[in-house]
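Have a look at input_37.txt below; it lists compact mmCIF, C-alpha atoms and all ligand atoms.
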```
# COMPACT_ATOMS: atom_id res chain seq x y z
CA MET A 22 -9.81 14.43 19.06
CA LYS A 23 -8.61 13.10 15.72
CA ASN A 24 -10.31 14.08 12.47
CA ILE A 25 -8.90 11.97 9.68
CA LEU A 26 -9.12 12.36 5.89
CA ILE A 27 -8.30 9.34 3.72
CA THR A 28 -7.63 9.85 0.01
CA GLY A 29 -8.00 6.87 -2.34
CA ALA A 30 -10.27 5.29 0.29
CA LEU A 31 -12.02 2.92 -2.13
CA GLY A 32 -8.78 1.19 -3.15
CA GLN A 33 -7.31 -2.08 -1.93
CA ILE A 34 -5.76 -0.62 1.24
CA GLY A 35 -8.11 2.32 1.81
CA SER A 36 -11.29 0.25 1.81
CA GLU A 37 -10.03 -1.76 4.80
CA LEU A 38 -8.00 0.96 6.56
CA THR A 39 -11.03 3.28 6.57
CA MET A 40 -13.17 0.78 8.46
CA VAL A 41 -10.44 0.05 11.04
CA LEU A 42 -9.86 3.77 11.60
CA ARG A 43 -13.61 4.42 11.92
CA LYS A 44 -13.89 1.73 14.60
CA ARG A 45 -10.88 3.19 16.41
CA TYR A 46 -11.54 6.93 16.21
CA GLY A 47 -15.31 7.14 15.64
CA TYR A 48 -17.33 6.75 12.44
CA ASP A 49 -18.01 10.51 12.08
CA ASN A 50 -14.34 11.43 12.57
CA VAL A 51 -12.95 9.53 9.58
CA ILE A 52 -13.71 11.14 6.23
CA ALA A 53 -13.27 8.75 3.33
CA SER A 54 -12.64 10.23 -0.10
CA ASP A 55 -11.86 9.03 -3.60
CA ILE A 56 -12.03 10.30 -7.17
CA ARG A 57 -15.02 7.99 -7.69
CA SER A 58 -17.90 6.65 -5.62
CA LYS A 59 -19.40 3.19 -5.32
CA PHE A 60 -22.98 2.02 -4.96
CA ASP A 61 -23.97 0.10 -1.82
CA ASP A 62 -20.48 0.26 -0.31
CA GLU A 63 -19.57 0.11 3.39
CA VAL A 64 -16.91 2.86 3.13
CA VAL A 65 -19.33 5.22 1.35
CA GLU A 66 -22.29 4.44 3.61
CA SER A 67 -20.82 4.06 7.12
CA GLY A 68 -19.43 7.59 7.62
CA PRO A 69 -18.64 10.83 5.79
CA PHE A 70 -17.64 10.32 2.15
CA GLU A 71 -16.49 13.00 -0.31
CA ILE A 72 -15.38 13.00 -3.92
CA VAL A 73 -11.83 14.40 -3.86
CA ASP A 74 -9.43 14.36 -6.81
CA CYS A 75 -6.01 14.71 -5.22
CA THR A 76 -4.76 16.64 -8.24
CA GLU A 77 -7.16 19.45 -7.23
CA LYS A 78 -5.54 21.30 -4.34
CA ASN A 79 -8.54 23.56 -3.64
CA LYS A 80 -10.83 20.59 -3.20
CA ILE A 81 -8.45 18.92 -0.70
CA GLY A 82 -8.24 22.21 1.23
CA GLU A 83 -12.03 22.66 1.18
CA ILE A 84 -12.60 19.21 2.74
CA VAL A 85 -9.80 19.63 5.32
CA LYS A 86 -11.37 22.93 6.40
CA LYS A 87 -14.96 21.63 6.34
CA TYR A 88 -14.19 18.71 8.69
CA ASN A 89 -11.39 20.35 10.70
CA VAL A 90 -9.05 17.55 9.60
CA ASP A 91 -5.78 17.10 11.52
CA THR A 92 -4.47 13.86 9.97
CA ILE A 93 -4.37 12.74 6.32
CA TYR A 94 -3.77 9.17 5.14
CA HIS A 95 -2.87 9.84 1.52
CA LEU A 96 -3.47 6.59 -0.37
CA ALA A 97 -4.53 7.87 -3.79
CA ALA A 98 -1.94 6.74 -6.33
CA ILE A 99 -1.36 4.91 -9.60
CA LEU A 100 0.34 1.53 -9.08
CA SER A 101 3.35 0.12 -10.88
CA ALA A 102 1.91 -1.75 -13.87
CA VAL A 103 -0.62 0.97 -14.77
CA ALA A 104 2.05 3.64 -14.19
CA GLU A 105 4.28 1.96 -16.80
CA GLU A 106 1.39 2.07 -19.27
CA LYS A 107 0.52 5.71 -18.52
CA PRO A 108 3.64 7.38 -17.12
CA GLN A 109 2.52 11.01 -17.59
CA PHE A 110 -0.79 10.30 -15.87
CA ALA A 111 1.02 8.49 -13.03
CA TRP A 112 3.40 11.42 -12.55
CA ASN A 113 0.47 13.82 -12.23
CA VAL A 114 -1.44 11.75 -9.65
CA ASN A 115 1.53 10.45 -7.65
CA ILE A 116 3.65 13.61 -7.59
CA ASN A 117 1.25 16.53 -7.95
CA GLY A 118 -1.34 14.76 -5.78
CA LEU A 119 1.18 14.30 -2.98
CA TYR A 120 2.50 17.85 -3.37
CA TYR A 121 -1.02 19.29 -3.01
CA VAL A 122 -1.74 17.10 0.03
CA LEU A 123 1.50 18.32 1.64
CA GLU A 124 0.73 21.95 0.81
CA VAL A 125 -2.73 21.65 2.38
CA ALA A 126 -1.14 19.90 5.39
CA ARG A 127 1.27 22.82 5.71
CA GLU A 128 -1.56 25.34 5.55
CA TYR A 129 -3.78 23.53 8.10
CA ASN A 130 -1.02 21.84 10.16
CA CYS A 131 -2.05 18.23 9.49
CA SER A 132 -0.03 15.06 10.02
CA VAL A 133 0.39 13.02 6.84
CA PHE A 134 0.85 9.28 6.26
CA THR A 135 2.02 8.40 2.72
CA PRO A 136 2.96 4.88 1.64
CA SER A 137 6.08 4.37 -0.41
CA SER A 138 6.82 0.94 -1.86
CA ILE A 139 9.36 -1.75 -2.66
CA GLY A 140 9.04 -0.04 -6.05
CA ALA A 141 11.24 2.77 -4.72
CA PHE A 142 14.20 0.44 -5.23
CA GLY A 143 15.84 -0.53 -8.52
CA PRO A 144 18.34 -2.88 -10.11
CA ALA A 145 21.35 -1.22 -8.41
CA THR A 146 19.83 -1.75 -4.93
CA PRO A 147 21.13 -4.76 -2.95
CA ALA A 148 18.43 -7.39 -3.58
CA TYR A 149 18.95 -9.35 -0.37
CA ASP A 150 18.44 -7.86 3.11
CA THR A 151 17.87 -4.54 1.38
CA PRO A 152 18.96 -1.93 3.95
CA GLN A 153 16.78 0.96 5.13
CA ASP A 154 19.20 3.50 3.69
CA THR A 155 20.65 2.34 0.39
CA ILE A 156 20.90 2.98 -3.35
CA GLN A 157 17.56 4.00 -4.89
CA ARG A 158 17.73 4.24 -8.67
CA PRO A 159 14.40 2.77 -9.86
CA GLN A 160 13.79 2.54 -13.61
CA THR A 161 9.98 2.69 -13.54
CA MET A 162 7.75 5.77 -13.41
CA TYR A 163 6.12 4.31 -10.29
CA GLY A 164 9.54 4.03 -8.64
CA VAL A 165 10.56 7.52 -9.69
CA THR A 166 7.40 8.95 -8.12
CA LYS A 167 7.88 6.90 -4.95
CA VAL A 168 11.50 8.03 -4.40
CA ALA A 169 10.55 11.63 -5.10
CA GLY A 170 7.60 11.24 -2.72
CA GLU A 171 9.83 9.94 0.08
CA LEU A 172 12.17 12.91 -0.38
CA LEU A 173 9.32 15.41 -0.58
CA CYS A 174 7.79 14.13 2.66
CA ASP A 175 11.17 14.33 4.42
CA TYR A 176 11.57 17.87 3.05
CA TYR A 177 8.20 19.00 4.41
CA TYR A 178 9.14 17.61 7.83
CA LYS A 179 12.58 19.26 7.92
CA ARG A 180 11.66 22.53 6.22
CA PHE A 181 8.15 23.18 7.58
CA GLY A 182 7.87 20.85 10.61
CA ILE A 183 4.97 18.91 9.07
CA ASP A 184 4.52 15.55 10.83
CA THR A 185 5.02 13.32 7.79
CA ARG A 186 5.43 9.55 8.21
CA GLY A 187 5.43 6.58 5.84
CA VAL A 188 6.39 3.00 5.13
CA ARG A 189 7.72 1.16 2.09
CA TYR A 190 4.95 -1.38 1.68
CA PRO A 191 5.70 -4.67 -0.01
CA GLY A 192 2.99 -6.38 -2.13
CA ILE A 193 -0.22 -6.39 -0.12
CA ILE A 194 -2.43 -9.50 -0.15
CA SER A 195 -6.11 -9.21 0.81
CA HIS A 196 -9.55 -10.68 0.16
CA GLN A 197 -11.89 -7.64 0.31
CA THR A 198 -10.94 -5.28 -2.52
CA LEU A 199 -8.97 -6.33 -5.58
CA PRO A 200 -5.59 -4.64 -6.16
CA GLY A 201 -5.44 -1.68 -8.50
CA GLY A 202 -2.91 -2.63 -11.20
CA GLY A 203 0.41 -3.47 -9.59
CA THR A 204 3.15 -5.97 -10.29
CA THR A 205 2.35 -8.01 -7.17
CA ASP A 206 -1.36 -8.46 -8.04
CA TYR A 207 -0.71 -12.13 -8.91
CA ALA A 208 -0.41 -12.89 -5.19
CA VAL A 209 -4.07 -11.94 -4.72
CA GLU A 210 -5.40 -13.36 -8.02
CA ILE A 211 -3.87 -16.77 -7.28
CA TYR A 212 -6.13 -17.23 -4.22
CA TYR A 213 -9.29 -16.19 -6.09
CA GLU A 214 -8.47 -18.62 -8.92
CA ALA A 215 -7.60 -21.39 -6.47
CA ILE A 216 -11.12 -21.14 -5.04
CA LYS A 217 -12.92 -20.60 -8.34
CA ASN A 218 -11.06 -22.88 -10.80
CA LYS A 219 -8.34 -24.74 -8.87
CA LYS A 220 -5.79 -23.47 -11.38
CA TYR A 221 -3.89 -20.26 -12.10
CA THR A 222 -1.70 -18.96 -14.92
CA CYS A 223 0.94 -16.70 -13.39
CA TYR A 224 2.55 -13.79 -15.24
CA LEU A 225 5.73 -13.89 -13.11
CA LYS A 226 8.33 -16.69 -13.14
CA GLU A 227 7.97 -19.30 -10.42
CA GLU A 228 11.18 -18.29 -8.59
CA THR A 229 10.45 -14.54 -8.48
CA TYR A 230 10.93 -13.66 -4.82
CA LEU A 231 9.31 -10.46 -3.54
CA ASP A 232 8.37 -9.10 -0.13
CA MET A 233 4.67 -9.47 0.71
CA MET A 234 2.34 -8.71 3.61
CA TYR A 235 -1.21 -9.64 4.62
CA MET A 236 -3.66 -6.73 4.87
CA PRO A 237 -4.17 -6.79 8.67
CA ASP A 238 -0.43 -6.26 9.07
CA ALA A 239 -0.42 -3.45 6.47
CA ILE A 240 -3.14 -1.64 8.43
CA LYS A 241 -1.36 -2.23 11.72
CA ALA A 242 1.86 -0.78 10.25
CA ALA A 243 0.11 2.44 9.17
CA ILE A 244 -1.68 2.99 12.48
CA ASP A 245 1.25 1.96 14.71
CA LEU A 246 3.59 4.33 12.87
CA MET A 247 1.11 7.23 13.04
CA GLU A 248 0.64 6.60 16.78
CA ALA A 249 4.37 6.12 17.48
CA ASN A 250 6.18 8.46 19.87
CA PRO A 251 7.79 11.02 17.51
CA GLY A 252 10.76 11.33 19.88
CA LYS A 253 11.76 7.75 19.01
CA LEU A 254 11.68 8.24 15.22
CA LYS A 255 15.11 8.83 13.71
CA HIS A 256 13.69 8.09 10.27
CA ARG A 257 10.34 9.55 9.31
CA ASN A 258 9.23 8.46 5.90
CA ALA A 259 9.64 5.26 4.02
CA PHE A 260 10.42 2.67 6.69
CA ASN A 261 11.12 -0.75 5.16
CA VAL A 262 8.41 -3.12 6.44
CA THR A 263 7.87 -6.71 5.40
CA ALA A 264 6.22 -9.89 6.62
CA MET A 265 7.47 -12.57 4.20
CA SER A 266 9.64 -13.00 1.11
CA ILE A 267 7.82 -15.44 -1.19
CA SER A 268 7.60 -16.56 -4.82
CA PRO A 269 4.64 -17.75 -6.95
CA LYS A 270 5.87 -21.33 -6.39
CA ASP A 271 5.80 -20.84 -2.59
CA ILE A 272 2.21 -19.56 -2.66
CA ALA A 273 1.14 -22.39 -4.98
CA GLU A 274 2.67 -24.94 -2.60
CA ALA A 275 0.93 -23.36 0.39
CA ILE A 276 -2.40 -23.56 -1.48
CA GLN A 277 -1.68 -27.18 -2.50
CA LYS A 278 -1.44 -28.11 1.19
CA ILE A 279 -5.17 -27.23 1.35
CA TYR A 280 -6.14 -28.08 -2.26
CA PRO A 281 -3.70 -30.77 -3.51
CA GLU A 282 -5.28 -30.61 -6.98
CA PHE A 283 -4.44 -26.88 -7.40
CA PHE A 284 -2.44 -26.43 -10.63
CA ILE A 285 -0.20 -23.49 -11.55
CA ASN A 286 1.42 -22.75 -14.89
CA TYR A 287 3.32 -19.74 -16.15
CA LYS A 288 2.89 -17.31 -19.05
CA ILE A 289 5.38 -14.54 -18.42
CA ASP A 290 4.49 -10.89 -18.94
CA PRO A 291 7.89 -9.34 -19.80
CA ILE A 292 6.95 -5.88 -18.53
CA ARG A 293 5.82 -6.96 -15.07
CA GLN A 294 8.64 -9.55 -14.85
CA ALA A 295 11.20 -6.81 -15.55
CA ILE A 296 9.65 -4.62 -12.86
CA ALA A 297 9.64 -7.49 -10.34
CA ASP A 298 13.25 -8.39 -11.19
CA SER A 299 14.31 -4.82 -10.40
CA TRP A 300 12.78 -4.95 -6.89
CA PRO A 301 14.36 -6.46 -3.76
CA ASN A 302 13.99 -10.16 -2.93
CA ASN A 303 13.75 -9.38 0.76
CA MET A 304 14.04 -6.13 2.69
CA ASP A 305 15.67 -5.64 6.06
CA ASP A 306 13.01 -4.00 8.24
CA SER A 307 15.01 -3.94 11.49
CA ILE A 308 14.96 -0.12 11.66
CA ALA A 309 11.13 -0.09 11.78
CA ARG A 310 11.30 -2.77 14.48
CA GLU A 311 13.77 -0.67 16.51
CA GLU A 312 12.20 2.77 16.12
CA TRP A 313 8.48 1.99 16.52
CA GLY A 314 8.16 -1.69 17.37
CA TRP A 315 7.06 -3.02 13.97
CA LYS A 316 6.27 -6.76 14.03
CA PRO A 317 4.06 -8.60 11.54
CA GLY A 318 1.51 -11.17 12.73
CA TYR A 319 1.02 -13.27 9.57
CA ASP A 320 3.35 -15.62 7.73
CA LEU A 321 2.53 -17.47 4.48
CA LYS A 322 0.81 -20.41 6.21
CA LEU A 323 -1.43 -18.30 8.46
CA MET A 324 -2.27 -15.90 5.64
CA THR A 325 -3.16 -18.72 3.21
CA LYS A 326 -5.53 -20.31 5.73
CA ASP A 327 -7.23 -16.97 6.41
CA MET A 328 -7.43 -15.96 2.71
CA ILE A 329 -9.04 -19.26 1.76
CA GLU A 330 -11.53 -19.19 4.65
CA ASN A 331 -12.60 -15.65 3.75
CA LEU A 332 -12.75 -16.20 0.00
CA LEU A 333 -14.86 -19.33 0.49
CA LYS A 334 -17.42 -17.16 2.30
CA LYS A 335 -17.19 -14.38 -0.31
CA LEU A 336 -17.21 -16.42 -3.51
P1 LIG A 401 -5.40 1.13 -5.29
O1 LIG A 401 -5.03 1.29 -6.72
O2 LIG A 401 -6.11 -0.12 -4.89
O3 LIG A 401 -6.31 2.36 -4.82
C1 LIG A 401 -5.99 3.67 -5.15
C2 LIG A 401 -7.27 4.49 -5.06
O4 LIG A 401 -6.93 5.82 -5.44
C3 LIG A 401 -8.37 4.01 -5.99
O5 LIG A 401 -9.57 3.81 -5.28
C4 LIG A 401 -8.53 5.15 -7.01
O6 LIG A 401 -9.86 5.37 -7.42
C5 LIG A 401 -8.00 6.32 -6.22
N1 LIG A 401 -7.48 7.40 -7.08
C6 LIG A 401 -6.83 7.31 -8.25
N2 LIG A 401 -6.54 8.53 -8.73
C7 LIG A 401 -7.02 9.41 -7.84
C8 LIG A 401 -7.04 10.82 -7.76
N3 LIG A 401 -6.52 11.59 -8.73
N4 LIG A 401 -7.60 11.39 -6.67
C9 LIG A 401 -8.15 10.65 -5.69
N5 LIG A 401 -8.19 9.31 -5.72
C10 LIG A 401 -7.62 8.70 -6.78
O7 LIG A 401 -4.09 1.33 -4.43
P2 LIG A 401 -3.71 0.69 -3.01
O8 LIG A 401 -3.18 -0.65 -3.27
O9 LIG A 401 -4.82 0.86 -2.07
O10 LIG A 401 -2.45 1.61 -2.63
C11 LIG A 401 -2.54 2.69 -1.72
C12 LIG A 401 -1.14 3.25 -1.56
O11 LIG A 401 -0.26 2.23 -1.09
C13 LIG A 401 -0.49 3.78 -2.85
O12 LIG A 401 0.33 4.87 -2.55
C14 LIG A 401 0.37 2.61 -3.30
O13 LIG A 401 1.45 3.03 -4.11
C15 LIG A 401 0.84 2.09 -1.96
N6 LIG A 401 1.28 0.70 -2.03
C16 LIG A 401 0.38 -0.29 -2.28
C17 LIG A 401 0.83 -1.60 -2.34
C18 LIG A 401 -0.11 -2.75 -2.62
O14 LIG A 401 0.36 -3.88 -2.82
N7 LIG A 401 -1.43 -2.54 -2.63
C19 LIG A 401 2.19 -1.88 -2.15
C20 LIG A 401 3.07 -0.83 -1.93
C21 LIG A 401 2.61 0.47 -1.85
N1 LIG A 402 1.94 -3.79 -5.06
C1 LIG A 402 2.55 -2.62 -5.58
C2 LIG A 402 2.71 -2.72 -7.06
O1 LIG A 402 2.94 -3.83 -7.51
C3 LIG A 402 3.90 -2.41 -4.95
O2 LIG A 402 4.07 -1.09 -4.74
O3 LIG A 402 2.65 -1.73 -7.72
```
Using structure tokens, write down the structure from this file.
Amino acid sequence: MKNILITGALGQIGSELTMVLRKRYGYDNVIASDIRSKFDDEVVESGPFEIVDCTEKNKIGEIVKKYNVDTIYHLAAILSAVAEEKPQFAWNVNINGLYYVLEVAREYNCSVFTPSSIGAFGPATPAYDTPQDTIQRPQTMYGVTKVAGELLCDYYYKRFGIDTRGVRYPGIISHQTLPGGGTTDYAVEIYYEAIKNKKYTCYLKEETYLDMMYMPDAIKAAIDLMEANPGKLKHRNAFNVTAMSISPKDIAEAIQKIYPEFFINYKIDPIRQAIADSWPNNMDDSIAREEWGWKPGYDLKLMTKDMIENLLKKL
């Protein structure tokens, strides 16, 4: 029987992953947690919910013990754009939070899923077909915490035998919960603005190519990796996974196939543009495909159709 704790469960990924895990493993067996709560929210109402600040080790341990948790999906983190504004704060949440989760996992023998990111790469990384194992010299606080996190998770596996696993997510696009302050947030905002105003002012240049993925694939990646046969995993943490390499212009053109009047213009934010320019254009995810059968289901066209259908209902 699995008893799962999710940290950061009210965020963009957690709010959807929690519900999928509850349907899969039982509503009472998936404990959602976050540093905050929300009124009238499905994640808070549909199963156990606890306030857990991941920078408080004792609180994580108390909840793991209380619910006999054996698996932790550690999603609490500060994303790239906010991390550049508040680097000390981001270090504390992203590094100390992960360290405390790993220490609790060591004490109670839990498996741990932790997402890394395309942000773990930097300007010296090959930008095209970015290999699984390559140069990682990011120049952002977010990237520094993600590389350190990948190494720390590998260390806990090798040194203590803790079952740590993770992927390097690209930008995640979804229609339920807004993203939490990353560089790829434009790829969500553009769909909301297409529905609401038929126009969008983008903060990245039109030819900025980045890896992206639709939320159902992001959830599938997390669960498939956690359920993968450990004997087949040569890598453990930080598998490259991607579904599409796209630019603001590509998304605008996909939207214009549905709304020909949709208009995009550009007002560049130099900070987020510099971050995006330091990340890969497209990652090679063949190692994830080989070791645990990773395969995305959505491309730009399918995702755009689904995003627009869902946002029309929501907005
Ligand atoms: P998010 O910002 O939407 O959600 C993070 C959640 O963590 C929020 O609900 C926030 O309240 C919570 N939180 C913040 N500080 C906390 C603390 N001290 N203790 C407990 N909870 C705290 O983030 P997300 O997009 O859901 O990302 C989840 C993970 O996936 C992160 O590790 C992120 O780096 C990674 N990731 C996300 C993307 C993406 O595009 N969304 C891409 C690559 C990697
Ligand atoms: N979407 C994330 C960000 O932009 C990538 O890790 O921060």
Point to revise | Proximity to ligand LIG 401 (chain A) - best of A:Gln277, A:Thr155, A:Asn331, A:Thr263, all atoms listed in the file | key: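 Closest candidate: A:Thr263.
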Review point. What residues have an atom no more than 12 Å from (-10.0, 20.0, 1.5) in the file's own frame, counting all atoms listed in the file, and can you write them as a count of residues only?
Key: 39
What does the list of residues within 10 Å of ligand LIG 402 (chain A) look like if you count all atoms listed in the file, written as a short mmCIF file (atom, residue, chain, number, x, y, z; two decimals) with C-alpha atoms, keeping the file's coordinate frame?
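Writing done, so here's part-v9.cif:
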```cif
data_model
loop_
_atom_site.label_atom_id
_atom_site.label_comp_id
_atom_site.auth_asym_id
_atom_site.auth_seq_id
_atom_site.Cartn_x
_atom_site.Cartn_y
_atom_site.Cartn_z
CA GLN A 33 -7.31 -2.08 -1.93
CA ALA A 98 -1.94 6.74 -6.33
CA ILE A 99 -1.36 4.91 -9.60
CA LEU A 100 0.34 1.53 -9.08
CA SER A 101 3.35 0.12 -10.88
CA ALA A 102 1.91 -1.75 -13.87
CA VAL A 103 -0.62 0.97 -14.77
CA ALA A 104 2.05 3.64 -14.19
CA GLU A 105 4.28 1.96 -16.80
CA PRO A 136 2.96 4.88 1.64
CA SER A 137 6.08 4.37 -0.41
CA SER A 138 6.82 0.94 -1.86
CA ILE A 139 9.36 -1.75 -2.66
CA GLY A 140 9.04 -0.04 -6.05
CA ALA A 141 11.24 2.77 -4.72
CA TYR A 163 6.12 4.31 -10.29
CA GLY A 164 9.54 4.03 -8.64
CA LYS A 167 7.88 6.90 -4.95
CA ARG A 189 7.72 1.16 2.09
CA TYR A 190 4.95 -1.38 1.68
CA PRO A 191 5.70 -4.67 -0.01
CA GLY A 192 2.99 -6.38 -2.13
CA ILE A 193 -0.22 -6.39 -0.12
CA ILE A 194 -2.43 -9.50 -0.15
CA PRO A 200 -5.59 -4.64 -6.16
CA GLY A 201 -5.44 -1.68 -8.50
CA GLY A 202 -2.91 -2.63 -11.20
CA GLY A 203 0.41 -3.47 -9.59
CA THR A 204 3.15 -5.97 -10.29
CA THR A 205 2.35 -8.01 -7.17
CA ASP A 206 -1.36 -8.46 -8.04
CA TYR A 207 -0.71 -12.13 -8.91
CA ALA A 208 -0.41 -12.89 -5.19
CA LEU A 231 9.31 -10.46 -3.54
CA ASP A 232 8.37 -9.10 -0.13
CA MET A 233 4.67 -9.47 0.71
CA MET A 234 2.34 -8.71 3.61
CA ARG A 293 5.82 -6.96 -15.07
CA ILE A 296 9.65 -4.62 -12.86
CA ALA A 297 9.64 -7.49 -10.34
CA TRP A 300 12.78 -4.95 -6.89
#
```
Exercise for review: Mind checking which residues fall within 10 Å of A:Lys278, counting all atoms listed in the file, ignoring those fewer than 6 positions away in the same chain, and posting them as a list in words?
Suggested key: Lys322, Thr325 and Lys326 of chain A
Check your understanding: Quick one, how far is atom CA of A:Tyr280 from atom CA of A:Gln294?
Key -> 26.8 Å
Check your understanding: Which value, in Å to one decimal, gives the distance between atom CA of A:Glu214 and atom CA of A:Leu333?
Key ->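 Rounded to one decimal, the two atoms are 11.4 Å apart.
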Exercise for review: Tell me, as a VMD selection string, which residues lie within 7 Å of stretch 40-48 of chain A, counting all atoms listed in the file; anything in the same chain fewer than 6 positions away does not count.
Suggested key: chain A and resid 23 64 67 to 68
**Study point:** Nearest candidate to A:Asn261 (options A:Glu282, A:Asp305, A:Glu37, A:Glu66; using all atoms listed in the file)
**Key:**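 Residue with the minimum atom-to-atom distance to A:Asn261: A:Asp305.
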Around stretch 156-173 of chain A, fit a box with edges along x, y and z, padding it by 6 Å on each side, then list its centre and edge lengths in Å to one decimal as lines of an AutoDock Vina configuration file.
```
center_x = 13.5
center_y = 9.0
center_z = -6.8
size_x = 26.8
size_y = 24.9
size_z = 25.7
```
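If you measure from each of A:Gly170, A:Pro159, A:Pro108, A:Pro291 to ligand LIG 401 (chain A) using all atoms listed in the file, the closest one turns out to be A:Gly170.
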Exercise for review: In the coordinates of the file, take the point (6.2, 4.4, 16.8) and a cut-off of 6 Å; then, counting all atoms listed in the file, name each qualifying protein, DNA or RNA residue as a ChimeraX atom specification.
Suggested key: /A:245-246,248-250,313
Review point. Residues at most 12 Å from A:Gly318, counting all atoms listed in the file, excluding those fewer than 5 positions away in the same chain, as a list in words?
Key: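 With the cut-off at 12 Å, the set is Met234, Tyr235, Met236, Pro237, Asp238, Ala239, Ile240, Lys241, Ala242, Thr263, Ala264, Met265, Leu323 and Met324 of chain A.
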Residues within 9 Å of A:Phe283, please, as a short mmCIF file (atom, residue, chain, number, x, y, z; two decimals) with C-alpha atoms, keeping the file's coordinate frame. Count only C-alpha atoms; anything in the same chain fewer than 2 positions from it doesn't count.
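Everything below was put into part_34.cif:
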```
data_model
loop_
_atom_site.label_atom_id
_atom_site.label_comp_id
_atom_site.auth_asym_id
_atom_site.auth_seq_id
_atom_site.Cartn_x
_atom_site.Cartn_y
_atom_site.Cartn_z
CA ALA A 215 -7.60 -21.39 -6.47
CA ASN A 218 -11.06 -22.88 -10.80
CA LYS A 219 -8.34 -24.74 -8.87
CA LYS A 220 -5.79 -23.47 -11.38
CA TYR A 221 -3.89 -20.26 -12.10
CA ALA A 273 1.14 -22.39 -4.98
CA GLU A 274 2.67 -24.94 -2.60
CA ILE A 276 -2.40 -23.56 -1.48
CA GLN A 277 -1.68 -27.18 -2.50
CA ILE A 279 -5.17 -27.23 1.35
CA TYR A 280 -6.14 -28.08 -2.26
CA PRO A 281 -3.70 -30.77 -3.51
CA ILE A 285 -0.20 -23.49 -11.55
#
```
Using the partial input, fill out stretch 325-336 of chain A with N, CA, C and O atoms; write the result as an mmCIF file, in the frame of the given file.
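Listing of selection-v4.cif after writing:
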```
data_model
loop_
_atom_site.group_PDB
_atom_site.id
_atom_site.type_symbol
_atom_site.label_atom_id
_atom_site.label_comp_id
_atom_site.auth_asym_id
_atom_site.auth_seq_id
_atom_site.Cartn_x
_atom_site.Cartn_y
_atom_site.Cartn_z
ATOM 1 N N THR A 325 -2.478 -17.867 4.193
ATOM 2 C CA THR A 325 -3.160 -18.720 3.210
ATOM 3 C C THR A 325 -4.433 -19.308 3.812
ATOM 4 O O THR A 325 -5.488 -19.323 3.169
ATOM 5 N N LYS A 326 -4.346 -19.745 5.060
ATOM 6 C CA LYS A 326 -5.530 -20.310 5.730
ATOM 7 C C LYS A 326 -6.638 -19.245 5.814
ATOM 8 O O LYS A 326 -7.784 -19.489 5.462
ATOM 9 N N ASP A 327 -6.259 -18.040 6.235
ATOM 10 C CA ASP A 327 -7.230 -16.970 6.410
ATOM 11 C C ASP A 327 -7.817 -16.506 5.066
ATOM 12 O O ASP A 327 -9.020 -16.265 4.943
ATOM 13 N N MET A 328 -6.960 -16.375 4.050
ATOM 14 C CA MET A 328 -7.430 -15.960 2.710
ATOM 15 C C MET A 328 -8.464 -16.962 2.203
ATOM 16 O O MET A 328 -9.529 -16.575 1.707
ATOM 17 N N ILE A 329 -8.145 -18.245 2.317
ATOM 18 C CA ILE A 329 -9.040 -19.260 1.760
ATOM 19 C C ILE A 329 -10.359 -19.296 2.540
ATOM 20 O O ILE A 329 -11.435 -19.340 1.938
ATOM 21 N N GLU A 330 -10.287 -19.205 3.854
ATOM 22 C CA GLU A 330 -11.530 -19.190 4.650
ATOM 23 C C GLU A 330 -12.423 -18.019 4.243
ATOM 24 O O GLU A 330 -13.624 -18.159 4.057
ATOM 25 N N ASN A 331 -11.817 -16.845 4.093
ATOM 26 C CA ASN A 331 -12.600 -15.650 3.750
ATOM 27 C C ASN A 331 -13.114 -15.675 2.322
ATOM 28 O O ASN A 331 -14.237 -15.251 2.054
ATOM 29 N N LEU A 332 -12.290 -16.163 1.394
ATOM 30 C CA LEU A 332 -12.750 -16.200 0.000
ATOM 31 C C LEU A 332 -13.827 -17.260 -0.205
ATOM 32 O O LEU A 332 -14.713 -17.092 -1.048
ATOM 33 N N LEU A 333 -13.786 -18.321 0.576
ATOM 34 C CA LEU A 333 -14.860 -19.330 0.490
ATOM 35 C C LEU A 333 -16.196 -18.699 0.865
ATOM 36 O O LEU A 333 -17.219 -18.948 0.230
ATOM 37 N N LYS A 334 -16.177 -17.838 1.902
ATOM 38 C CA LYS A 334 -17.420 -17.160 2.300
ATOM 39 C C LYS A 334 -17.853 -16.172 1.208
ATOM 40 O O LYS A 334 -19.020 -16.057 0.886
ATOM 41 N N LYS A 335 -16.879 -15.456 0.644
ATOM 42 C CA LYS A 335 -17.190 -14.380 -0.310
ATOM 43 C C LYS A 335 -17.629 -14.913 -1.677
ATOM 44 O O LYS A 335 -18.532 -14.366 -2.296
ATOM 45 N N LEU A 336 -16.962 -15.983 -2.141
ATOM 46 C CA LEU A 336 -17.210 -16.420 -3.510
ATOM 47 C C LEU A 336 -18.242 -17.542 -3.546
ATOM 48 O O LEU A 336 -18.365 -18.304 -4.413
#
```
